[in-house]
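Reproduced below: query_24.cif, with mmCIF, C-alpha atoms.
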```
data_structure
loop_
_atom_site.label_atom_id
_atom_site.label_comp_id
_atom_site.auth_asym_id
_atom_site.auth_seq_id
_atom_site.Cartn_x
_atom_site.Cartn_y
_atom_site.Cartn_z
CA ASP A 28 2.93 9.04 19.99
CA LEU A 29 5.63 11.11 18.32
CA GLU A 30 3.85 14.35 19.12
CA GLU A 31 3.34 13.33 22.74
CA ALA A 32 7.03 12.47 23.06
CA GLY A 33 7.96 15.82 21.51
CA ARG A 34 5.86 17.71 24.04
CA MET A 35 7.74 15.96 26.83
CA VAL A 36 10.92 17.75 25.75
CA GLY A 37 9.54 21.02 27.09
CA GLY A 38 10.12 24.50 25.77
CA PRO A 39 9.40 25.74 22.25
CA THR A 40 10.04 23.53 19.22
CA PHE A 41 10.79 24.57 15.66
CA ILE A 42 10.80 22.58 12.42
CA ALA A 43 11.49 23.32 8.78
CA ASN A 44 9.63 20.95 6.46
CA VAL A 45 9.75 20.88 2.67
CA VAL A 46 7.00 19.39 0.48
CA LEU A 47 8.18 18.04 -2.89
CA ASP A 48 6.15 17.53 -6.03
CA PRO A 49 6.36 14.32 -8.12
CA ALA A 50 9.40 15.71 -9.97
CA LEU A 51 11.12 16.14 -6.57
CA GLU A 52 10.93 19.91 -6.87
CA PRO A 53 10.13 21.85 -3.66
CA VAL A 54 6.68 23.43 -3.73
CA ALA A 55 6.37 24.57 -0.10
CA VAL A 56 8.58 25.24 2.90
CA LEU A 57 6.75 25.19 6.22
CA CYS A 58 8.48 26.42 9.34
CA GLY A 59 7.53 27.04 12.95
CA ASP A 60 5.78 25.06 15.67
CA ALA A 61 6.45 21.37 15.07
CA ILE A 62 2.82 20.26 15.09
CA GLN A 63 1.21 23.24 13.38
CA ALA A 64 3.79 23.39 10.60
CA HIS A 65 3.46 19.66 10.03
CA ARG A 66 -0.34 19.94 9.83
CA ALA A 67 0.01 22.67 7.22
CA GLY A 68 2.40 20.48 5.25
CA VAL A 69 -0.09 17.62 5.33
CA GLU A 70 -2.70 19.81 3.64
CA VAL A 71 -0.25 20.89 0.94
CA SER A 72 0.74 17.28 0.36
CA ARG A 73 -2.90 16.16 0.23
CA SER A 74 -3.62 18.75 -2.48
CA ILE A 75 -0.82 17.25 -4.62
CA TYR A 76 -0.99 13.53 -3.93
CA GLY A 77 -4.58 12.98 -2.79
CA VAL A 78 -6.81 11.40 -5.43
CA ARG A 79 -10.47 12.30 -5.04
CA LEU A 80 -12.87 9.39 -5.61
CA PRO A 81 -16.63 9.71 -5.18
CA ARG A 82 -16.90 6.31 -3.45
CA GLN A 83 -15.04 3.08 -2.82
CA VAL A 84 -14.93 0.64 -5.73
CA GLY A 85 -14.85 -3.12 -6.14
CA VAL A 86 -11.50 -3.34 -7.93
CA VAL A 87 -8.36 -1.25 -7.50
CA ILE A 88 -5.43 -1.54 -9.91
CA THR A 89 -2.28 0.18 -8.71
CA ASN A 90 1.17 0.64 -10.21
CA ALA A 91 3.98 1.22 -7.70
CA TYR A 92 5.73 3.83 -9.87
CA PRO A 93 7.85 5.77 -8.94
CA MET A 94 8.54 4.01 -5.60
CA ASP A 95 9.04 0.62 -7.19
CA GLN A 96 12.69 -0.38 -6.84
CA ASP A 97 12.16 -3.27 -4.37
CA LEU A 98 9.41 -5.01 -2.42
CA ARG A 99 9.75 -2.85 0.70
CA GLN A 100 9.14 0.32 -1.35
CA ALA A 101 6.74 -1.06 -3.96
CA GLY A 102 4.43 -2.66 -1.40
CA LYS A 103 3.44 0.84 -0.28
CA ALA A 104 1.43 1.23 -3.50
CA ILE A 105 -0.98 -1.46 -2.30
CA LEU A 106 -1.22 0.03 1.18
CA ASN A 107 -1.66 3.55 -0.24
CA ALA A 108 -4.51 2.55 -2.54
CA ALA A 109 -6.33 0.15 -0.20
CA GLY A 110 -8.69 2.85 1.10
CA ALA A 111 -10.22 3.10 -2.38
CA CYS A 112 -11.34 -0.54 -2.31
CA LYS A 113 -14.52 -1.88 -0.75
CA PRO A 114 -14.02 -4.50 1.98
CA GLY A 115 -13.81 -7.88 0.30
CA GLY A 116 -12.85 -6.25 -3.00
CA LEU A 117 -9.91 -6.98 -5.28
CA ILE A 118 -6.59 -5.13 -5.37
CA ILE A 119 -4.16 -5.79 -8.22
CA GLY A 120 -0.63 -4.46 -7.81
CA PHE A 121 1.93 -4.01 -10.57
CA LEU A 122 5.33 -3.94 -8.86
CA ARG A 123 8.44 -3.56 -11.02
CA CYS A 124 10.92 -4.34 -8.21
CA GLU A 125 14.05 -4.41 -10.35
CA GLU A 126 16.03 -5.07 -7.14
CA GLY A 127 13.68 -7.90 -6.15
CA LEU A 128 13.16 -8.69 -2.49
CA ARG A 129 16.32 -6.85 -1.51
CA ASN A 130 16.32 -6.80 2.33
CA VAL A 131 12.87 -8.31 2.92
CA SER A 132 13.05 -11.77 4.49
CA LEU A 133 10.47 -14.40 3.56
CA PRO A 134 9.71 -17.46 5.67
CA PRO A 135 11.20 -20.68 4.28
CA ILE A 136 7.74 -22.30 4.09
CA ILE A 137 4.54 -20.52 3.05
CA PRO A 138 1.37 -22.14 4.46
CA PRO A 139 -1.68 -22.62 2.18
CA LEU A 140 -3.49 -19.35 1.58
CA GLY A 141 -7.00 -20.62 2.42
CA PRO A 142 -6.31 -21.62 6.04
CA VAL A 143 -4.27 -18.47 6.64
CA LYS A 144 -7.13 -16.29 5.37
CA ALA A 145 -9.59 -18.15 7.60
CA LEU A 146 -7.26 -17.63 10.57
CA VAL A 147 -6.80 -13.88 10.04
CA ASN A 148 -10.56 -13.45 9.59
CA ALA A 149 -11.04 -15.17 12.95
CA LEU A 150 -8.33 -13.07 14.63
CA GLY A 151 -9.60 -9.73 13.34
CA SER A 152 -7.52 -6.57 13.15
CA GLY A 153 -6.77 -6.52 16.87
CA GLY A 154 -5.60 -10.12 16.89
CA ILE A 155 -3.36 -9.56 13.88
CA SER A 156 -1.76 -6.53 15.54
CA PHE A 157 -1.22 -8.57 18.70
CA VAL A 158 0.55 -11.31 16.71
CA ALA A 159 2.76 -8.78 14.92
CA ARG A 160 3.75 -7.14 18.22
CA HIS A 161 4.62 -10.47 19.83
CA LEU A 162 6.85 -11.94 17.14
CA PRO A 163 10.28 -13.09 18.38
CA ALA A 164 12.49 -10.27 19.65
CA ALA A 165 14.97 -10.87 16.83
CA VAL A 166 12.40 -9.78 14.22
CA PRO A 167 13.18 -6.16 13.23
CA VAL A 168 10.50 -3.51 13.76
CA GLU A 169 10.03 -2.92 10.01
CA ASP A 170 9.47 -6.64 9.44
CA ARG A 171 6.80 -6.59 12.15
CA PHE A 172 5.09 -3.80 10.24
CA LEU A 173 5.26 -5.81 7.01
CA VAL A 174 3.73 -8.86 8.71
CA ASN A 175 0.92 -6.75 10.17
CA PHE A 176 0.32 -5.02 6.81
CA ALA A 177 0.29 -8.26 4.80
CA LEU A 178 -2.10 -10.04 7.17
CA GLN A 179 -4.46 -7.05 7.38
CA MET A 180 -4.57 -6.88 3.56
CA LEU A 181 -5.25 -10.62 3.41
CA LYS A 182 -8.13 -10.23 5.87
CA ASP A 183 -9.82 -7.30 4.16
CA TYR A 184 -9.22 -7.88 0.43
CA HIS A 185 -8.22 -10.22 -2.33
CA VAL A 186 -4.73 -9.13 -3.44
CA LEU A 187 -2.98 -10.22 -6.64
CA VAL A 188 0.51 -9.04 -7.57
CA PHE A 189 2.19 -8.96 -10.99
CA SER A 190 5.98 -8.86 -10.71
CA PRO A 191 8.17 -11.15 -12.82
CA ARG A 192 11.28 -9.97 -10.94
CA LEU A 193 9.79 -10.82 -7.56
CA LYS A 194 8.60 -14.17 -8.90
CA GLU A 195 12.15 -14.98 -9.96
CA ASP A 196 13.80 -13.66 -6.79
CA SER A 197 11.45 -15.31 -4.29
CA GLN A 198 11.89 -18.81 -5.80
CA GLY A 199 8.49 -20.06 -4.66
CA ARG A 200 8.73 -18.60 -1.13
CA PHE A 201 6.16 -15.83 -1.79
CA PRO A 202 2.47 -16.39 -0.99
CA PRO A 203 0.58 -17.77 -4.02
CA VAL A 204 -0.75 -14.37 -5.11
CA LEU A 205 2.34 -13.52 -7.19
CA TYR A 206 2.28 -13.71 -10.99
CA ASP A 207 4.68 -13.38 -13.89
CA ASP A 208 1.92 -13.98 -16.46
CA GLN A 209 -0.65 -11.17 -16.87
CA THR A 210 -3.11 -13.36 -18.74
CA ARG A 211 -3.27 -15.86 -15.88
CA LEU A 212 -3.54 -13.04 -13.34
CA PHE A 213 -6.57 -11.53 -15.03
CA GLU A 214 -8.16 -14.94 -15.49
CA ASP A 215 -7.87 -15.52 -11.74
CA ALA A 216 -9.14 -12.00 -11.06
CA LYS A 217 -12.21 -12.71 -13.18
CA ARG A 218 -12.78 -15.92 -11.24
CA LEU A 219 -12.59 -14.05 -7.91
CA LEU A 220 -15.19 -11.53 -9.15
CA ARG A 221 -17.66 -14.38 -9.78
CA GLY A 222 -19.40 -12.67 -12.68
CA LYS A 223 -19.72 -9.29 -10.97
CA ASP A 224 -19.10 -6.12 -12.99
CA PRO A 225 -17.65 -3.70 -10.41
CA GLU A 226 -16.31 -0.19 -10.79
CA VAL A 227 -12.53 -0.06 -11.18
CA ALA A 228 -10.10 2.60 -9.94
CA VAL A 229 -6.65 2.73 -11.56
CA PHE A 230 -3.76 4.40 -9.75
CA ALA A 231 -1.01 5.05 -12.29
CA HIS A 232 1.33 6.56 -9.67
CA GLY A 233 0.37 4.37 -6.72
CA GLY A 234 3.73 4.81 -5.02
CA VAL A 235 3.07 8.49 -4.36
CA SER A 236 -0.71 8.90 -4.36
CA PHE A 237 -3.55 7.95 -2.07
CA PRO A 238 -7.37 8.05 -2.26
CA VAL A 239 -9.52 10.70 -0.65
CA VAL A 240 -12.96 9.11 -0.78
CA GLY A 241 -16.06 11.29 -0.80
CA PRO A 242 -18.12 13.53 -3.09
CA ASN A 243 -16.03 16.42 -4.37
CA GLN A 244 -15.59 17.88 -7.84
CA GLU A 245 -12.07 19.20 -7.29
CA GLU A 246 -9.41 18.06 -9.73
CA ASP A 247 -6.19 16.50 -8.44
CA ARG A 248 -2.70 17.00 -9.81
CA ILE A 249 -1.99 13.27 -9.69
CA GLY A 250 -5.12 11.43 -10.67
CA ALA A 251 -6.67 8.04 -10.78
CA SER A 252 -9.30 6.97 -13.24
CA CYS A 253 -12.55 5.49 -11.97
CA VAL A 254 -14.55 3.60 -14.59
CA ASP A 255 -17.53 1.29 -14.80
#
```
Target format structure tokens, applied to this file:
Amino acid sequence: DLEEAGRMVGGPTFIANVVLDPALEPVAVLCGDAIQAHRAGVEVSRSIYGVRLPRQVGVVITNAYPMDQDLRQAGKAILNAAGACKPGGLIIGFLRCEEGLRNVSLPPIIPPLGPVKALVNALGSGGISFVARHLPAAVPVEDRFLVNFALQMLKDYHVLVFSPRLKEDSQGRFPPVLYDDQTRLFEDAKRLLRGKDPEVAVFAHGGVSFPVVGPNQEEDRIGASCVD
């Protein structure tokens, strides 16, 4: 949509894009045609932040570092890593969130998780997107995205989140997937796995990395471990 809108401007376009490494040092400057230069930057970024995995796994553990200051930023670690997880698999997010919820609004009442999961499964991805687009006009666009993201994750995966700061800040208004006790989290994770022994992928820098799934022997500069 953005590219189509840009073409409507007419005439030549020019951009200057900079790709940063994890230390926030510039590693590439890409200038020229808006679309072509952006495509080139995507490939540079993929070579730095893309994590090559041979296949999707049953369990993904992701840490939101270094984008972990609040829920809006830290939640990206779960979205980033989701492509590494098999449908119906388990994603465990470790979100520091020292600033807590910050500017994310939670509903005053959270409905039981079971019925909500059954509803989103019945709606499917298209139905969830429709609901997110037709929320009341007063709901900001970013909050619509968060609703869509959260419901899609609930439909496709089991998601558990460890964040003592969020647990404290949300005061019981967060869906019942939030933990401040790691032992209880892993006990519940084991129960969800029902005796299965799946492969596990661990994203240590989940805030700035994403999976590239498929057979390839290349090494990545920011890695994830994939173990039996």
Write out as a Markdown table the residues of segment 75-102 of chain A that have any atom within 12 Å of an atom of segment 168-171 of chain A, one row each with the nearest atom pair and its distance in Å to one decimal, counting all atoms listed in the file, sorted by chain and then rising number.
```
| residue | atom | partner | partner_atom | distance |
| --- | --- | --- | --- | --- |
| A:Leu98 | CA | A:Asp170 | CA | 12.0 |
| A:Arg99 | CA | A:Glu169 | CA | 9.3 |
| A:Gln100 | CA | A:Glu169 | CA | 11.8 |
```
Contacts of segment 42-51 of chain A at 9 Å (all atoms listed in the file; same-chain gap of 5+ positions) as an MDAnalysis selection string: chainID A and resid 56:62 64:65 68:69 71:72 75:76 93 235 249
From A:Val174, A:Leu181, A:Val36, A:Ile136, residue lying nearest His161 of chain A [all atoms listed in the file]: A:Val174
Expansion of the PyMOL selection byres ((chain A and resi 133) around 10) into residues, as a PyMOL selection string: chain A and resi 128+130-132+134-137+170+197+200-202
Test item: residues at most 9 Å from Arg73 of chain A, all atoms listed in the file, excluding those fewer than 4 positions along its chain, as a count of residues only: 7
Spatial sel., origin (-6.3, -5.0, -4.3), limit 10 Å, only C-alpha atoms, listed as a ChimeraX atom specification: /A:85-89,104-106,108-120,180-181,183-188
Dump C-alpha atoms for the selected residues as a PDB file, keeping the file's coordinate frame?
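Final output, saved to again-v9.pdb:
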```pdb
ATOM      1  CA  GLY A  85     -14.850  -3.120  -6.140  1.00  0.00           C
ATOM      2  CA  VAL A  86     -11.500  -3.340  -7.930  1.00  0.00           C
ATOM      3  CA  VAL A  87      -8.360  -1.250  -7.500  1.00  0.00           C
ATOM      4  CA  ILE A  88      -5.430  -1.540  -9.910  1.00  0.00           C
ATOM      5  CA  THR A  89      -2.280   0.180  -8.710  1.00  0.00           C
ATOM      6  CA  ALA A 104       1.430   1.230  -3.500  1.00  0.00           C
ATOM      7  CA  ILE A 105      -0.980  -1.460  -2.300  1.00  0.00           C
ATOM      8  CA  LEU A 106      -1.220   0.030   1.180  1.00  0.00           C
ATOM      9  CA  ALA A 108      -4.510   2.550  -2.540  1.00  0.00           C
ATOM     10  CA  ALA A 109      -6.330   0.150  -0.200  1.00  0.00           C
ATOM     11  CA  GLY A 110      -8.690   2.850   1.100  1.00  0.00           C
ATOM     12  CA  ALA A 111     -10.220   3.100  -2.380  1.00  0.00           C
ATOM     13  CA  CYS A 112     -11.340  -0.540  -2.310  1.00  0.00           C
ATOM     14  CA  LYS A 113     -14.520  -1.880  -0.750  1.00  0.00           C
ATOM     15  CA  PRO A 114     -14.020  -4.500   1.980  1.00  0.00           C
ATOM     16  CA  GLY A 115     -13.810  -7.880   0.300  1.00  0.00           C
ATOM     17  CA  GLY A 116     -12.850  -6.250  -3.000  1.00  0.00           C
ATOM     18  CA  LEU A 117      -9.910  -6.980  -5.280  1.00  0.00           C
ATOM     19  CA  ILE A 118      -6.590  -5.130  -5.370  1.00  0.00           C
ATOM     20  CA  ILE A 119      -4.160  -5.790  -8.220  1.00  0.00           C
ATOM     21  CA  GLY A 120      -0.630  -4.460  -7.810  1.00  0.00           C
ATOM     22  CA  MET A 180      -4.570  -6.880   3.560  1.00  0.00           C
ATOM     23  CA  LEU A 181      -5.250 -10.620   3.410  1.00  0.00           C
ATOM     24  CA  ASP A 183      -9.820  -7.300   4.160  1.00  0.00           C
ATOM     25  CA  TYR A 184      -9.220  -7.880   0.430  1.00  0.00           C
ATOM     26  CA  HIS A 185      -8.220 -10.220  -2.330  1.00  0.00           C
ATOM     27  CA  VAL A 186      -4.730  -9.130  -3.440  1.00  0.00           C
ATOM     28  CA  LEU A 187      -2.980 -10.220  -6.640  1.00  0.00           C
ATOM     29  CA  VAL A 188       0.510  -9.040  -7.570  1.00  0.00           C
TER      30      VAL A 188
END
```
Point-to-point distance from atom CA of Arg79 of chain A to atom CA of Ala91 of chain A, Å rounded to tenths: 18.4 Å
On this file, the PyMOL selection byres ((chain A and resi 141) around 12) gives some set of residues; write that set as a tab-separated table (two decimals) with C-alpha atoms, in the frame of the given file.
```
chain	number	residue	atom	x	y	z
A	137	ILE	CA	4.54	-20.52	3.05
A	138	PRO	CA	1.37	-22.14	4.46
A	139	PRO	CA	-1.68	-22.62	2.18
A	140	LEU	CA	-3.49	-19.35	1.58
A	142	PRO	CA	-6.31	-21.62	6.04
A	143	VAL	CA	-4.27	-18.47	6.64
A	144	LYS	CA	-7.13	-16.29	5.37
A	145	ALA	CA	-9.59	-18.15	7.60
A	146	LEU	CA	-7.26	-17.63	10.57
A	147	VAL	CA	-6.80	-13.88	10.04
A	148	ASN	CA	-10.56	-13.45	9.59
A	181	LEU	CA	-5.25	-10.62	3.41
A	182	LYS	CA	-8.13	-10.23	5.87
A	185	HIS	CA	-8.22	-10.22	-2.33
A	202	PRO	CA	2.47	-16.39	-0.99
A	203	PRO	CA	0.58	-17.77	-4.02
A	204	VAL	CA	-0.75	-14.37	-5.11
```
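As for atom CA of Ser156 of chain A and atom CA of Asn175 of chain A, they are spaced 6.0 Å apart.
Nearest residue to Asp97 of chain A, choosing from A:Gln198, A:Ser190, A:Gln209, A:Gln179 and counting only C-alpha atoms: A:Ser190.
Going from atom CA of Phe189 of chain A to atom CA of Leu122 of chain A covers 6.3 Å.
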Selected residue of minimal separation from Gln83 of chain A among A:Gly127, A:Gly233, A:Pro225, A:Pro39, counting all atoms listed in the file: A:Pro225
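On the file presented, the PyMOL selection byres ((chain A and resi 240-242) around 6) picks out Arg79, Leu80, Pro81, Arg82, Pro238, Val239 and Asn243 of chain A.
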